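> This is the content of final07.tsv (TSV, C-alpha atoms):
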```tsv
chain	number	residue	atom	x	y	z
D	287	MET	CA	23.18	21.14	16.58
D	288	ARG	CA	24.75	18.45	18.77
D	289	GLN	CA	21.27	17.18	19.70
D	290	ASP	CA	20.40	16.62	16.04
D	291	THR	CA	23.46	14.70	14.89
D	292	SER	CA	22.58	11.32	16.38
D	293	VAL	CA	19.52	9.12	16.84
D	294	GLY	CA	19.70	6.20	19.23
D	295	GLY	CA	23.50	6.23	19.22
D	296	LYS	CA	23.73	6.35	15.43
D	297	ASP	CA	25.78	9.30	14.22
D	298	LEU	CA	23.90	10.87	11.31
D	299	THR	CA	27.07	12.65	10.16
D	300	ARG	CA	28.98	9.41	9.52
D	301	TRP	CA	28.66	8.10	5.97
D	302	GLN	CA	29.72	4.49	5.42
D	303	SER	CA	29.18	4.24	1.67
D	304	ARG	CA	31.50	5.71	-0.95
D	305	PHE	CA	28.55	7.44	-2.61
D	306	GLY	CA	27.61	9.07	0.69
D	307	ARG	CA	31.13	10.38	1.19
D	308	LEU	CA	31.12	11.79	-2.36
D	309	LEU	CA	27.86	13.58	-1.57
D	310	VAL	CA	29.40	15.09	1.56
D	311	ASP	CA	32.45	16.30	-0.38
D	312	GLY	CA	30.22	17.97	-2.97
D	313	VAL	CA	28.04	19.69	-0.39
D	314	GLN	CA	31.13	20.85	1.50
D	315	ARG	CA	32.35	22.69	-1.59
D	316	ILE	CA	28.93	24.30	-2.08
D	317	SER	CA	28.87	25.26	1.60
D	318	GLN	CA	32.10	27.23	1.25
D	319	ILE	CA	30.29	29.51	-1.22
D	320	LEU	CA	26.69	29.54	0.00
D	321	GLY	CA	27.04	28.64	3.66
D	322	PRO	CA	25.43	25.57	5.29
D	323	HIS	CA	21.82	26.76	4.93
D	324	GLY	CA	22.44	27.74	1.31
D	325	ALA	CA	23.92	24.31	0.65
D	326	LEU	CA	20.87	22.72	2.30
D	327	VAL	CA	18.47	24.70	0.12
D	328	LEU	CA	20.43	23.90	-3.06
D	329	THR	CA	20.55	20.21	-2.15
D	330	LEU	CA	16.80	20.20	-1.62
D	331	LEU	CA	16.25	21.90	-4.97
D	332	VAL	CA	18.32	19.22	-6.67
D	333	GLY	CA	16.28	16.65	-4.76
D	334	ALA	CA	13.07	18.27	-6.01
D	335	VAL	CA	14.23	17.83	-9.60
D	336	ALA	CA	15.02	14.20	-8.83
D	337	ALA	CA	11.56	13.80	-7.30
D	338	ALA	CA	9.93	15.24	-10.42
D	339	VAL	CA	11.85	12.77	-12.58
D	340	LEU	CA	10.85	9.99	-10.18
D	341	THR	CA	7.20	11.00	-10.49
D	342	ALA	CA	7.36	10.88	-14.28
D	343	ALA	CA	9.07	7.49	-14.21
D	344	PHE	CA	6.57	6.17	-11.69
D	345	ALA	CA	3.72	7.38	-13.87
D	346	GLU	CA	5.05	5.33	-16.78
D	347	VAL	CA	5.47	2.24	-14.60
D	348	TYR	CA	2.02	2.74	-13.13
D	349	GLU	CA	0.41	2.97	-16.55
D	350	SER	CA	2.08	-0.29	-17.58
D	351	VAL	CA	0.85	-1.99	-14.40
D	352	VAL	CA	-2.73	-0.87	-14.98
D	353	ARG	CA	-2.66	-2.06	-18.59
D	354	ALA	CA	-1.42	-5.45	-17.43
D	355	ASP	CA	-4.13	-5.47	-14.76
D	356	GLY	CA	-1.58	-6.25	-12.05
D	357	VAL	CA	-2.09	-4.72	-8.61
D	358	ALA	CA	-4.83	-2.61	-10.21
D	359	GLY	CA	-6.94	-5.77	-10.07
D	360	LEU	CA	-7.38	-5.04	-6.35
D	361	ASP	CA	-8.97	-1.64	-6.93
D	362	HIS	CA	-12.57	-2.71	-7.39
D	363	PRO	CA	-12.63	-5.42	-4.68
D	364	VAL	CA	-11.09	-3.04	-2.11
D	365	LEU	CA	-13.54	-0.27	-3.03
D	366	ALA	CA	-16.39	-2.74	-2.65
D	367	ALA	CA	-15.07	-3.77	0.77
D	368	GLY	CA	-14.94	-0.14	1.83
D	369	LYS	CA	-18.50	0.46	0.70
D	370	SER	CA	-19.69	-2.51	2.74
D	371	LEU	CA	-18.35	-0.88	5.92
D	372	ARG	CA	-20.10	2.45	5.44
D	373	SER	CA	-22.65	3.93	7.79
D	374	PRO	CA	-23.89	7.53	8.16
D	375	GLY	CA	-21.97	8.13	11.38
D	376	LEU	CA	-18.75	6.56	10.12
D	377	ASP	CA	-18.99	8.49	6.86
D	378	VAL	CA	-19.16	11.79	8.77
D	379	ALA	CA	-16.25	10.85	11.05
D	380	ILE	CA	-13.96	9.72	8.23
D	381	THR	CA	-14.85	12.73	6.09
D	382	ALA	CA	-13.86	14.99	8.99
D	383	PHE	CA	-10.59	13.09	9.38
D	384	THR	CA	-9.72	13.19	5.69
D	385	ASP	CA	-10.33	16.96	5.67
D	386	VAL	CA	-7.27	17.25	7.91
D	387	GLY	CA	-5.19	16.10	4.96
D	388	GLY	CA	-6.87	18.39	2.44
D	389	THR	CA	-5.79	21.62	0.80
D	390	ILE	CA	-6.85	23.64	3.83
D	391	GLY	CA	-6.34	21.30	6.78
D	392	MET	CA	-2.85	20.06	5.96
D	393	PRO	CA	-1.25	23.50	5.35
D	394	ILE	CA	-2.73	24.78	8.62
D	395	LEU	CA	-1.47	21.72	10.49
D	396	ALA	CA	1.99	21.91	8.88
D	397	LEU	CA	2.38	25.65	9.48
D	398	THR	CA	1.30	25.32	13.11
D	399	VAL	CA	3.76	22.53	13.86
D	400	MET	CA	6.48	24.32	11.88
D	401	GLY	CA	6.01	27.50	13.94
D	402	ILE	CA	6.16	25.59	17.22
D	403	LEU	CA	9.32	23.67	16.25
D	404	ALA	CA	11.06	26.76	14.86
D	405	PHE	CA	10.26	28.75	18.01
D	406	ARG	CA	11.38	26.02	20.40
D	407	ARG	CA	14.62	25.39	18.48
D	408	ARG	CA	15.32	29.06	17.65
D	409	SER	CA	16.22	27.79	14.19
D	410	TRP	CA	15.19	28.10	10.54
D	411	THR	CA	15.85	24.41	9.90
D	412	PRO	CA	12.26	23.21	10.64
D	413	VAL	CA	10.94	25.97	8.38
D	414	ILE	CA	13.22	25.00	5.50
D	415	LEU	CA	12.55	21.27	5.84
D	416	ILE	CA	8.77	21.41	6.31
D	417	VAL	CA	8.17	24.04	3.62
D	418	THR	CA	10.40	22.24	1.12
D	419	ALA	CA	8.88	18.85	1.93
D	420	GLY	CA	5.37	20.24	1.52
D	421	LEU	CA	6.11	22.07	-1.73
D	422	GLY	CA	7.80	19.00	-3.19
D	423	SER	CA	4.80	16.88	-2.25
D	424	LEU	CA	2.45	19.38	-3.88
D	425	LEU	CA	4.47	19.52	-7.10
D	426	MET	CA	4.65	15.72	-7.29
D	427	THR	CA	0.88	15.52	-6.88
D	428	ILE	CA	0.25	18.08	-9.62
D	429	ALA	CA	2.75	16.43	-11.97
D	430	GLY	CA	1.30	12.97	-11.41
D	431	LYS	CA	-2.28	14.09	-12.01
D	432	ARG	CA	-1.33	15.85	-15.25
D	433	LEU	CA	0.79	12.98	-16.53
D	434	ILE	CA	-1.82	10.28	-15.91
D	435	GLY	CA	-5.18	12.04	-15.76
D	436	ARG	CA	-6.81	8.97	-14.28
D	437	THR	CA	-10.55	9.06	-13.60
D	438	ARG	CA	-11.71	8.71	-10.01
D	439	PRO	CA	-14.25	6.05	-8.98
D	440	ASP	CA	-17.81	6.77	-10.11
D	441	LEU	CA	-19.63	9.40	-8.07
D	442	SER	CA	-22.28	6.79	-7.31
D	443	ASP	CA	-19.58	4.90	-5.38
D	444	ALA	CA	-18.30	7.96	-3.48
D	445	VAL	CA	-19.32	9.73	-0.29
D	446	PRO	CA	-20.00	13.47	-0.78
D	447	PRO	CA	-18.60	16.08	-0.98
D	448	TYR	CA	-17.37	14.88	-4.37
D	449	GLU	CA	-13.98	15.63	-5.90
D	450	HIS	CA	-13.36	16.05	-9.62
D	451	SER	CA	-9.61	16.37	-10.13
D	452	ALA	CA	-7.57	13.49	-11.55
D	453	SER	CA	-7.29	10.47	-9.29
D	454	PHE	CA	-3.58	9.56	-9.54
D	455	PRO	CA	-1.79	9.99	-7.18
D	456	SER	CA	-3.76	10.59	-3.99
D	457	GLY	CA	-2.63	14.02	-2.82
D	458	HIS	CA	-3.99	13.45	0.69
D	459	SER	CA	-1.95	10.24	1.00
D	460	LEU	CA	1.22	11.75	-0.46
D	461	ASN	CA	1.06	14.84	1.76
D	462	ALA	CA	0.30	12.76	4.85
D	463	VAL	CA	3.42	10.62	4.36
D	464	VAL	CA	5.67	13.59	3.70
D	465	ILE	CA	4.41	16.03	6.34
D	466	ALA	CA	3.85	13.48	9.10
D	467	GLY	CA	7.20	11.89	8.24
D	468	ILE	CA	9.27	15.08	8.33
D	469	VAL	CA	7.58	16.28	11.53
D	470	ALA	CA	8.22	12.90	13.16
D	471	TYR	CA	11.86	13.06	12.02
D	472	LEU	CA	12.36	16.53	13.54
D	473	ILE	CA	10.79	15.41	16.80
D	474	ILE	CA	12.74	12.14	16.95
D	475	LEU	CA	16.02	14.05	16.68
D	476	ARG	CA	15.35	15.52	20.13
D	477	LEU	CA	13.91	12.44	21.85
D	478	LYS	CA	16.07	10.61	24.37
D	479	THR	CA	14.50	7.15	24.64
D	480	ALA	CA	14.01	4.40	22.07
D	481	ARG	CA	10.41	3.95	23.23
D	482	SER	CA	9.49	7.57	22.56
D	483	ARG	CA	11.14	7.45	19.15
D	484	VAL	CA	9.29	4.27	18.19
D	485	LEU	CA	5.96	5.70	19.38
D	486	THR	CA	6.53	8.92	17.40
D	487	ALA	CA	7.41	7.02	14.22
D	488	ALA	CA	4.45	4.67	14.73
D	489	ALA	CA	2.05	7.61	15.21
D	490	ALA	CA	3.24	9.19	11.95
D	491	ALA	CA	2.92	5.88	10.11
D	492	VAL	CA	-0.59	5.23	11.46
D	493	PHE	CA	-1.69	8.75	10.52
D	494	ALA	CA	-0.38	8.38	6.95
D	495	ALA	CA	-1.85	4.89	6.57
D	496	ALA	CA	-5.25	5.95	7.93
D	497	MET	CA	-5.32	8.99	5.65
D	498	GLY	CA	-4.69	6.85	2.58
D	499	LEU	CA	-7.23	4.19	3.50
D	500	SER	CA	-9.83	6.85	4.27
D	501	ARG	CA	-9.60	7.99	0.65
D	502	VAL	CA	-10.45	4.50	-0.57
D	503	TYR	CA	-13.24	4.09	1.99
D	504	LEU	CA	-14.86	7.33	0.81
D	505	GLY	CA	-14.60	6.26	-2.83
D	506	HIS	CA	-12.45	9.28	-3.74
D	507	HIS	CA	-9.46	7.23	-4.90
D	508	TRP	CA	-8.52	3.79	-6.08
D	509	LEU	CA	-6.22	1.67	-3.92
D	510	THR	CA	-3.44	1.98	-6.51
D	511	ASP	CA	-3.63	5.78	-6.28
D	512	VAL	CA	-2.92	5.49	-2.56
D	513	LEU	CA	-0.16	2.88	-2.93
D	514	ALA	CA	1.60	5.05	-5.50
D	515	ALA	CA	1.28	8.12	-3.27
D	516	TRP	CA	2.79	6.27	-0.31
D	517	ALA	CA	5.74	5.14	-2.44
D	518	LEU	CA	6.37	8.60	-3.91
D	519	GLY	CA	5.98	10.25	-0.52
D	520	ALA	CA	8.45	7.87	1.12
D	521	ALA	CA	10.99	8.51	-1.65
D	522	TRP	CA	10.69	12.29	-1.35
D	523	LEU	CA	10.85	12.09	2.45
D	524	ALA	CA	14.08	10.08	2.19
D	525	LEU	CA	15.57	12.75	-0.09
D	526	VAL	CA	14.68	15.56	2.34
D	527	ILE	CA	16.12	13.68	5.32
D	528	THR	CA	19.29	12.90	3.37
D	529	ALA	CA	19.67	16.59	2.54
D	530	HIS	CA	19.38	17.44	6.24
D	531	ARG	CA	21.98	14.83	7.14
D	532	LEU	CA	24.35	16.39	4.63
D	533	TYR	CA	23.68	19.79	6.18
D	534	LEU	CA	24.44	18.45	9.66
D	535	THR	CA	27.65	16.84	8.42
D	536	VAL	CA	28.89	20.08	6.90
D	537	ARG	CA	27.96	22.09	10.01
D	538	LYS	CA	29.78	19.62	12.24
D	539	ARG	CA	32.93	19.70	10.10
D	540	ARG	CA	32.88	23.49	10.03
D	541	ALA	CA	32.57	23.56	13.81
D	542	ARG	CA	35.63	21.32	14.04
D	543	GLY	CA	37.54	23.52	11.64
D	544	GLN	CA	37.70	20.86	8.95
D	545	ILE	CA	36.21	23.25	6.38
D	546	PRO	CA	37.71	26.71	5.84
D	547	ALA	CA	35.25	29.45	6.67
D	548	GLY	CA	36.07	31.43	3.55
D	549	ALA	CA	33.49	34.08	2.73
D	550	ALA	CA	30.50	31.95	3.68
D	551	PRO	CA	27.85	33.73	5.79
D	552	LYS	CA	27.46	32.76	9.39
D	553	ALA	CA	24.56	30.32	9.84
D	554	GLY	CA	22.14	29.96	12.74
D	555	ARG	CA	21.80	26.97	14.97
D	556	ALA	CA	20.47	23.70	13.59
```
What do you get writing this file as C-alpha coordinates?

Amino acid sequence: MRQDTSVGGKDLTRWQSRFGRLLVDGVQRISQILGPHGALVLTLLVGAVAAAVLTAAFAEVYESVVRADGVAGLDHPVLAAGKSLRSPGLDVAITAFTDVGGTIGMPILALTVMGILAFRRRSWTPVILIVTAGLGSLLMTIAGKRLIGRTRPDLSDAVPPYEHSASFPSGHSLNAVVIAGIVAYLIILRLKTARSRVLTAAAAAVFAAAMGLSRVYLGHHWLTDVLAAWALGAAWLALVITAHRLYLTVRKRRARGQIPAGAAPKAGRA
(Lines of atoms letter the chains of each structure in order from A and count residues from 1; the text may use other names and numbers.)
(Lines give C-alpha, C1' and ligand atoms only; values in the text may rest on other atoms or scores of the structure.)
Protein backbone atom coordinates (compact mmCIF):
# COMPACT_ATOMS: atom_id res chain seq x y z
CA MET A 1 0.00 0.00 0.00
CA ARG A 2 2.86 2.39 0.74
CA GLN A 3 3.84 2.36 -2.94
CA ASP A 4 0.38 3.55 -3.97
CA THR A 5 -0.08 6.46 -1.60
CA SER A 6 2.12 8.99 -3.40
CA VAL A 7 2.90 10.06 -6.96
CA GLY A 8 5.92 12.22 -7.61
CA GLY A 9 6.15 13.27 -3.96
CA LYS A 10 2.46 14.15 -3.74
CA ASP A 11 0.71 12.30 -0.93
CA LEU A 12 -2.60 11.03 -2.30
CA THR A 13 -3.94 10.56 1.22
CA ARG A 14 -3.67 14.25 2.13
CA TRP A 15 -6.81 16.26 1.41
CA GLN A 16 -6.41 20.04 1.38
CA SER A 17 -10.01 21.06 0.76
CA ARG A 18 -12.76 20.99 3.38
CA PHE A 19 -14.97 18.97 1.04
CA GLY A 20 -12.23 16.38 0.64
CA ARG A 21 -11.83 16.02 4.39
CA LEU A 22 -15.60 15.60 4.76
CA LEU A 23 -15.48 12.82 2.15
CA VAL A 24 -12.71 11.08 4.09
CA ASP A 25 -14.69 11.29 7.34
CA GLY A 26 -17.74 9.76 5.66
CA VAL A 27 -15.79 6.92 4.09
CA GLN A 28 -14.04 6.24 7.40
CA ARG A 29 -17.40 5.64 9.07
CA ILE A 30 -18.48 3.31 6.26
CA SER A 31 -15.14 1.49 6.50
CA GLN A 32 -15.75 0.66 10.16
CA ILE A 33 -18.80 -1.35 9.07
CA LEU A 34 -17.86 -2.70 5.64
CA GLY A 35 -14.07 -2.67 5.74
CA PRO A 36 -11.86 -0.68 3.33
CA HIS A 37 -12.72 -2.71 0.22
CA GLY A 38 -16.43 -2.54 1.06
CA ALA A 39 -16.15 1.22 1.48
CA LEU A 40 -14.36 1.42 -1.88
CA VAL A 41 -17.10 -0.55 -3.63
CA LEU A 42 -19.87 1.53 -2.01
CA THR A 43 -18.09 4.77 -2.95
CA LEU A 44 -17.81 3.59 -6.54
CA LEU A 45 -21.50 2.69 -6.61
CA VAL A 46 -22.38 6.18 -5.41
CA GLY A 47 -20.04 7.52 -8.09
CA ALA A 48 -21.84 5.42 -10.70
CA VAL A 49 -25.14 7.05 -9.75
CA ALA A 50 -23.48 10.45 -10.03
CA ALA A 51 -22.11 9.46 -13.44
CA ALA A 52 -25.59 8.45 -14.61
CA VAL A 53 -26.96 11.81 -13.51
CA LEU A 54 -24.04 13.51 -15.24
CA THR A 55 -24.81 11.63 -18.45
CA ALA A 56 -28.44 12.72 -18.36
CA ALA A 57 -27.45 16.33 -17.71
CA PHE A 58 -24.85 16.23 -20.45
CA ALA A 59 -27.43 14.85 -22.86
CA GLU A 60 -29.68 17.84 -22.20
CA VAL A 61 -26.80 20.29 -22.67
CA TYR A 62 -25.71 18.49 -25.82
CA GLU A 63 -29.18 18.67 -27.32
CA SER A 64 -29.29 22.41 -26.67
CA VAL A 65 -25.88 22.86 -28.30
CA VAL A 66 -26.95 20.96 -31.41
CA ARG A 67 -30.15 22.98 -31.72
CA ALA A 68 -28.14 26.18 -31.50
CA ASP A 69 -25.71 24.77 -34.08
CA GLY A 70 -22.74 25.55 -31.83
CA VAL A 71 -19.81 23.13 -31.85
CA ALA A 72 -22.03 20.81 -33.88
CA GLY A 73 -21.27 23.10 -36.82
CA LEU A 74 -17.88 21.38 -36.99
CA ASP A 75 -19.36 17.93 -37.54
CA HIS A 76 -19.77 18.02 -41.30
CA PRO A 77 -16.50 19.85 -42.12
CA VAL A 78 -14.48 17.44 -39.93
CA LEU A 79 -16.19 14.41 -41.49
CA ALA A 80 -15.42 15.80 -44.93
CA ALA A 81 -11.77 16.28 -43.93
CA GLY A 82 -11.61 12.69 -42.75
CA LYS A 83 -13.07 11.41 -46.00
CA SER A 84 -10.46 13.33 -47.98
CA LEU A 85 -7.68 11.41 -46.20
CA ARG A 86 -9.06 7.94 -46.92
CA SER A 87 -7.29 5.27 -48.91
CA PRO A 88 -7.88 1.50 -49.06
CA GLY A 89 -4.78 0.68 -47.03
CA LEU A 90 -5.42 3.35 -44.40
CA ASP A 91 -9.06 2.31 -44.11
CA VAL A 92 -8.01 -1.27 -43.30
CA ALA A 93 -5.39 -0.16 -40.77
CA ILE A 94 -7.71 2.24 -38.93
CA THR A 95 -10.56 -0.27 -38.93
CA ALA A 96 -8.23 -2.81 -37.31
CA PHE A 97 -7.18 -0.23 -34.72
CA THR A 98 -10.73 0.84 -33.89
CA ASP A 99 -11.69 -2.82 -33.39
CA VAL A 100 -9.40 -2.79 -30.35
CA GLY A 101 -11.85 -0.40 -28.72
CA GLY A 102 -14.94 -2.38 -29.69
CA THR A 103 -17.24 -4.66 -27.74
CA ILE A 104 -14.85 -7.59 -28.15
CA GLY A 105 -11.41 -6.01 -28.31
CA MET A 106 -11.68 -3.66 -25.33
CA PRO A 107 -13.00 -6.26 -22.81
CA ILE A 108 -10.22 -8.67 -23.84
CA LEU A 109 -7.60 -5.94 -23.49
CA ALA A 110 -8.99 -4.75 -20.14
CA LEU A 111 -9.28 -8.26 -18.68
CA THR A 112 -5.75 -9.15 -19.78
CA VAL A 113 -4.20 -6.06 -18.22
CA MET A 114 -6.38 -6.47 -15.12
CA GLY A 115 -5.18 -10.05 -14.64
CA ILE A 116 -1.53 -9.06 -15.02
CA LEU A 117 -1.81 -6.15 -12.55
CA ALA A 118 -3.79 -8.18 -10.00
CA PHE A 119 -1.26 -11.04 -10.18
CA ARG A 120 1.78 -8.78 -9.86
CA ARG A 121 0.28 -6.82 -6.96
CA ARG A 122 -1.36 -9.82 -5.24
CA SER A 123 -4.36 -7.52 -4.78
CA TRP A 124 -8.03 -7.20 -5.71
CA THR A 125 -7.73 -3.43 -6.14
CA PRO A 126 -6.95 -3.51 -9.92
CA VAL A 127 -9.88 -5.88 -10.40
CA ILE A 128 -12.29 -3.63 -8.52
CA LEU A 129 -11.12 -0.44 -10.24
CA ILE A 130 -10.94 -1.75 -13.81
CA VAL A 131 -14.21 -3.69 -13.65
CA THR A 132 -16.06 -0.77 -12.06
CA ALA A 133 -14.55 1.74 -14.47
CA GLY A 134 -15.50 -0.43 -17.44
CA LEU A 135 -19.05 -1.11 -16.23
CA GLY A 136 -19.61 2.56 -15.52
CA SER A 137 -18.39 3.46 -18.99
CA LEU A 138 -20.71 0.89 -20.54
CA LEU A 139 -23.74 2.12 -18.59
CA MET A 140 -23.00 5.74 -19.51
CA THR A 141 -22.80 4.77 -23.18
CA ILE A 142 -26.11 2.89 -23.07
CA ALA A 143 -27.83 5.71 -21.16
CA GLY A 144 -26.54 8.37 -23.54
CA LYS A 145 -27.62 6.48 -26.66
CA ARG A 146 -31.12 5.92 -25.27
CA LEU A 147 -31.54 9.49 -24.07
CA ILE A 148 -30.46 11.11 -27.34
CA GLY A 149 -30.95 8.49 -30.06
CA ARG A 150 -28.88 10.52 -32.49
CA THR A 151 -28.48 9.22 -36.03
CA ARG A 152 -24.99 8.33 -37.22
CA PRO A 153 -23.52 9.83 -40.41
CA ASP A 154 -25.01 8.44 -43.62
CA LEU A 155 -23.78 4.99 -44.59
CA SER A 156 -22.58 6.47 -47.87
CA ASP A 157 -20.09 8.50 -45.81
CA ALA A 158 -18.90 5.55 -43.69
CA VAL A 159 -16.31 2.84 -44.13
CA PRO A 160 -17.71 -0.70 -43.71
CA PRO A 161 -18.45 -2.68 -41.62
CA TYR A 162 -21.36 -0.38 -40.81
CA GLU A 163 -22.81 0.25 -37.37
CA HIS A 164 -26.48 0.96 -36.68
CA SER A 165 -26.81 1.84 -33.01
CA ALA A 166 -27.36 5.44 -31.89
CA SER A 167 -24.44 7.75 -32.47
CA PHE A 168 -24.22 9.71 -29.18
CA PRO A 169 -21.93 9.22 -27.33
CA SER A 170 -19.11 7.32 -29.01
CA GLY A 171 -18.72 4.17 -26.93
CA HIS A 172 -15.28 3.45 -28.37
CA SER A 173 -14.08 6.92 -27.34
CA LEU A 174 -15.65 6.77 -23.87
CA ASN A 175 -14.25 3.31 -23.13
CA ALA A 176 -10.81 4.25 -24.42
CA VAL A 177 -10.57 7.24 -22.05
CA VAL A 178 -11.78 5.28 -19.05
CA ILE A 179 -9.89 2.01 -19.54
CA ALA A 180 -6.64 3.53 -20.78
CA GLY A 181 -6.88 6.16 -18.04
CA ILE A 182 -7.43 3.76 -15.14
CA VAL A 183 -4.72 1.38 -16.38
CA ALA A 184 -2.29 4.29 -16.72
CA TYR A 185 -3.20 5.45 -13.20
CA LEU A 186 -2.53 2.00 -11.71
CA ILE A 187 0.80 1.78 -13.52
CA ILE A 188 1.85 5.33 -12.58
CA LEU A 189 1.34 4.54 -8.90
CA ARG A 190 4.29 2.14 -9.08
CA LEU A 191 6.60 4.16 -11.34
CA LYS A 192 9.61 5.84 -9.77
CA THR A 193 10.61 8.54 -12.26
CA ALA A 194 8.75 11.59 -13.55
CA ARG A 195 9.75 10.71 -17.12
CA SER A 196 8.18 7.26 -16.97
CA ARG A 197 5.00 8.68 -15.45
CA VAL A 198 4.73 11.35 -18.14
CA LEU A 199 5.32 8.79 -20.90
CA THR A 200 2.67 6.46 -19.45
CA ALA A 201 0.10 9.25 -19.19
CA ALA A 202 0.96 10.47 -22.69
CA ALA A 203 0.58 6.96 -24.14
CA ALA A 204 -2.88 6.63 -22.57
CA ALA A 205 -3.90 10.07 -23.85
CA VAL A 206 -2.65 9.35 -27.39
CA PHE A 207 -4.47 6.01 -27.43
CA ALA A 208 -7.76 7.61 -26.31
CA ALA A 209 -7.39 10.52 -28.73
CA ALA A 210 -6.54 8.25 -31.67
CA MET A 211 -9.48 5.97 -30.88
CA GLY A 212 -11.91 8.90 -30.92
CA LEU A 213 -10.53 10.43 -34.11
CA SER A 214 -10.60 7.04 -35.83
CA ARG A 215 -14.36 6.94 -35.31
CA VAL A 216 -14.76 10.24 -37.14
CA TYR A 217 -12.36 9.20 -39.90
CA LEU A 218 -14.38 6.04 -40.54
CA GLY A 219 -17.64 8.01 -40.63
CA HIS A 220 -19.10 6.03 -37.71
CA HIS A 221 -19.54 9.06 -35.44
CA TRP A 222 -19.80 12.81 -35.55
CA LEU A 223 -17.06 14.89 -33.93
CA THR A 224 -19.46 16.02 -31.20
CA ASP A 225 -20.16 12.39 -30.29
CA VAL A 226 -16.45 11.94 -29.66
CA LEU A 227 -16.00 15.22 -27.77
CA ALA A 228 -18.91 14.34 -25.48
CA ALA A 229 -17.50 10.85 -24.89
CA TRP A 230 -14.09 12.26 -23.95
CA ALA A 231 -15.69 14.65 -21.47
CA LEU A 232 -17.91 11.99 -19.89
CA GLY A 233 -15.05 9.51 -19.75
CA ALA A 234 -12.73 12.00 -18.06
CA ALA A 235 -15.41 12.81 -15.46
CA TRP A 236 -16.04 9.14 -14.66
CA LEU A 237 -12.31 8.44 -14.53
CA ALA A 238 -11.87 11.27 -12.02
CA LEU A 239 -14.63 9.78 -9.85
CA VAL A 240 -13.00 6.32 -9.87
CA ILE A 241 -9.57 7.73 -9.00
CA THR A 242 -11.07 9.83 -6.21
CA ALA A 243 -12.73 6.72 -4.79
CA HIS A 244 -9.38 4.93 -4.79
CA ARG A 245 -7.71 7.85 -3.05
CA LEU A 246 -10.37 7.70 -0.35
CA TYR A 247 -9.72 3.97 0.00
CA LEU A 248 -5.98 4.57 0.38
CA THR A 249 -6.59 7.27 2.97
CA VAL A 250 -8.77 4.98 5.08
CA ARG A 251 -6.29 2.09 4.80
CA LYS A 252 -3.43 4.34 5.85
CA ARG A 253 -5.32 5.68 8.86
CA ARG A 254 -6.30 2.16 9.91
CA ALA A 255 -2.67 1.08 9.67
CA ARG A 256 -1.72 3.96 11.96
CA GLY A 257 -4.45 3.05 14.40
CA GLN A 258 -6.41 6.23 13.76
CA ILE A 259 -9.57 4.23 13.00
CA PRO A 260 -10.82 1.58 15.43
CA ALA A 261 -10.83 -1.86 13.87
CA GLY A 262 -14.28 -2.70 15.19
CA ALA A 263 -15.87 -5.67 13.47
CA ALA A 264 -14.63 -4.77 10.00
CA PRO A 265 -13.18 -7.68 8.00
CA LYS A 266 -9.48 -7.79 7.38
CA ALA A 267 -8.65 -6.45 3.90
CA GLY A 268 -5.91 -7.51 1.51
CA ARG A 269 -3.05 -5.39 0.34
CA ALA A 270 -3.69 -2.39 -1.89
> With the cut-off set at 12 Å and counting all atoms listed in the file, tabulate each residue of region 419-466 of chain D with an atom at most that distance from an atom of region 480-502 of chain D, showing the nearest atom pair and its distance in Å to one decimal, ordered by chain and increasing number, as a tab-separated table.

```
residue	atom	partner	partner_atom	distance
D:Arg438	CA	D:Val502	CA	10.4
D:Pro439	CA	D:Val502	CA	9.4
D:Asp443	CA	D:Val502	CA	10.3
D:Ala444	CA	D:Val502	CA	9.1
D:Val445	CA	D:Arg501	CA	9.9
D:Pro446	CA	D:Arg501	CA	11.8
D:Tyr448	CA	D:Arg501	CA	11.5
D:Glu449	CA	D:Arg501	CA	11.0
D:Ser453	CA	D:Arg501	CA	10.5
D:Phe454	CA	D:Arg501	CA	11.9
D:Pro455	CA	D:Gly498	CA	10.7
D:Ser456	CA	D:Gly498	CA	7.6
D:Gly457	CA	D:Gly498	CA	9.2
D:His458	CA	D:Met497	CA	6.8
D:Ser459	CA	D:Gly498	CA	4.6
D:Leu460	CA	D:Gly498	CA	8.3
D:Asn461	CA	D:Ala494	CA	8.4
D:Ala462	CA	D:Ala494	CA	4.9
D:Val463	CA	D:Ala494	CA	5.1
D:Val464	CA	D:Ala494	CA	8.6
D:Ile465	CA	D:Ala490	CA	8.9
D:Ala466	CA	D:Ala490	CA	5.2
```
> Could you take the residues named above and write them with C-alpha atoms, as an mmCIF file, in the coordinates of the input?

```
data_model
loop_
_atom_site.group_PDB
_atom_site.id
_atom_site.type_symbol
_atom_site.label_atom_id
_atom_site.label_comp_id
_atom_site.auth_asym_id
_atom_site.auth_seq_id
_atom_site.Cartn_x
_atom_site.Cartn_y
_atom_site.Cartn_z
ATOM 1 C CA ARG D 438 -11.710 8.710 -10.010
ATOM 2 C CA PRO D 439 -14.250 6.050 -8.980
ATOM 3 C CA ASP D 443 -19.580 4.900 -5.380
ATOM 4 C CA ALA D 444 -18.300 7.960 -3.480
ATOM 5 C CA VAL D 445 -19.320 9.730 -0.290
ATOM 6 C CA PRO D 446 -20.000 13.470 -0.780
ATOM 7 C CA TYR D 448 -17.370 14.880 -4.370
ATOM 8 C CA GLU D 449 -13.980 15.630 -5.900
ATOM 9 C CA SER D 453 -7.290 10.470 -9.290
ATOM 10 C CA PHE D 454 -3.580 9.560 -9.540
ATOM 11 C CA PRO D 455 -1.790 9.990 -7.180
ATOM 12 C CA SER D 456 -3.760 10.590 -3.990
ATOM 13 C CA GLY D 457 -2.630 14.020 -2.820
ATOM 14 C CA HIS D 458 -3.990 13.450 0.690
ATOM 15 C CA SER D 459 -1.950 10.240 1.000
ATOM 16 C CA LEU D 460 1.220 11.750 -0.460
ATOM 17 C CA ASN D 461 1.060 14.840 1.760
ATOM 18 C CA ALA D 462 0.300 12.760 4.850
ATOM 19 C CA VAL D 463 3.420 10.620 4.360
ATOM 20 C CA VAL D 464 5.670 13.590 3.700
ATOM 21 C CA ILE D 465 4.410 16.030 6.340
ATOM 22 C CA ALA D 466 3.850 13.480 9.100
#
```
> When you draw a straight line from CA of Thr291 (chain D) to CA of Thr535 (chain D), how long is it in Å?
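Here the two named atoms are 8.0 Å from each other.
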> Using CA of Ala529 (chain D) and CA of Leu330 (chain D) as the two end points, give the distance in Å to one decimal.
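CA of Leu330 (chain D) lies 6.2 Å from CA of Ala529 (chain D).
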> Every residue with an atom at most 12 Å from (17.6, 11.9, 5.9) (file coordinates; all atoms listed in the file) is what I'm after, so could you write them as an MDAnalysis selection string?
chainID D and resid 290:293 297:299 301 306 326 329:330 333 415 419 467:468 470:472 475 520:535
> Just want the 12 Å neighbourhood of Ser370 (chain D), counted on all atoms listed in the file, with same-chain residues fewer than 4 positions away dropped. Output as an NGL selection string.
:D and (363-366 or 376-377 or 443 or 503-505)
> Between CA of Gly391 (chain D) and CA of Asp361 (chain D), what is the distance, to one decimal in Å?
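Interatomic distance, CA of Gly391 (chain D) to CA of Asp361 (chain D): 26.9 Å.
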> Excluding same-chain residues fewer than 2 positions from Val417 (chain D), what lies within 10 Å of it counting all atoms listed in the file, as JSON, numbers by chain?
{"D": [393, 396, 397, 400, 411, 412, 413, 414, 415, 419, 420, 421, 422, 423, 465]}
> Could you tell me which of D:Gly321, D:Thr479, D:Ile416, D:Leu340 comes closest to Leu403 (chain D) if we count only C-alpha atoms?
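For Leu403 (chain D), the nearest of the given residues is D:Ile416.
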> Calculated over only C-alpha atoms, which of the candidates D:Pro374, D:Pro447, D:Ser317, D:Leu360 has the smallest distance to Asp511 (chain D)?
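Closest to Asp511 (chain D), using only C-alpha atoms: D:Leu360.
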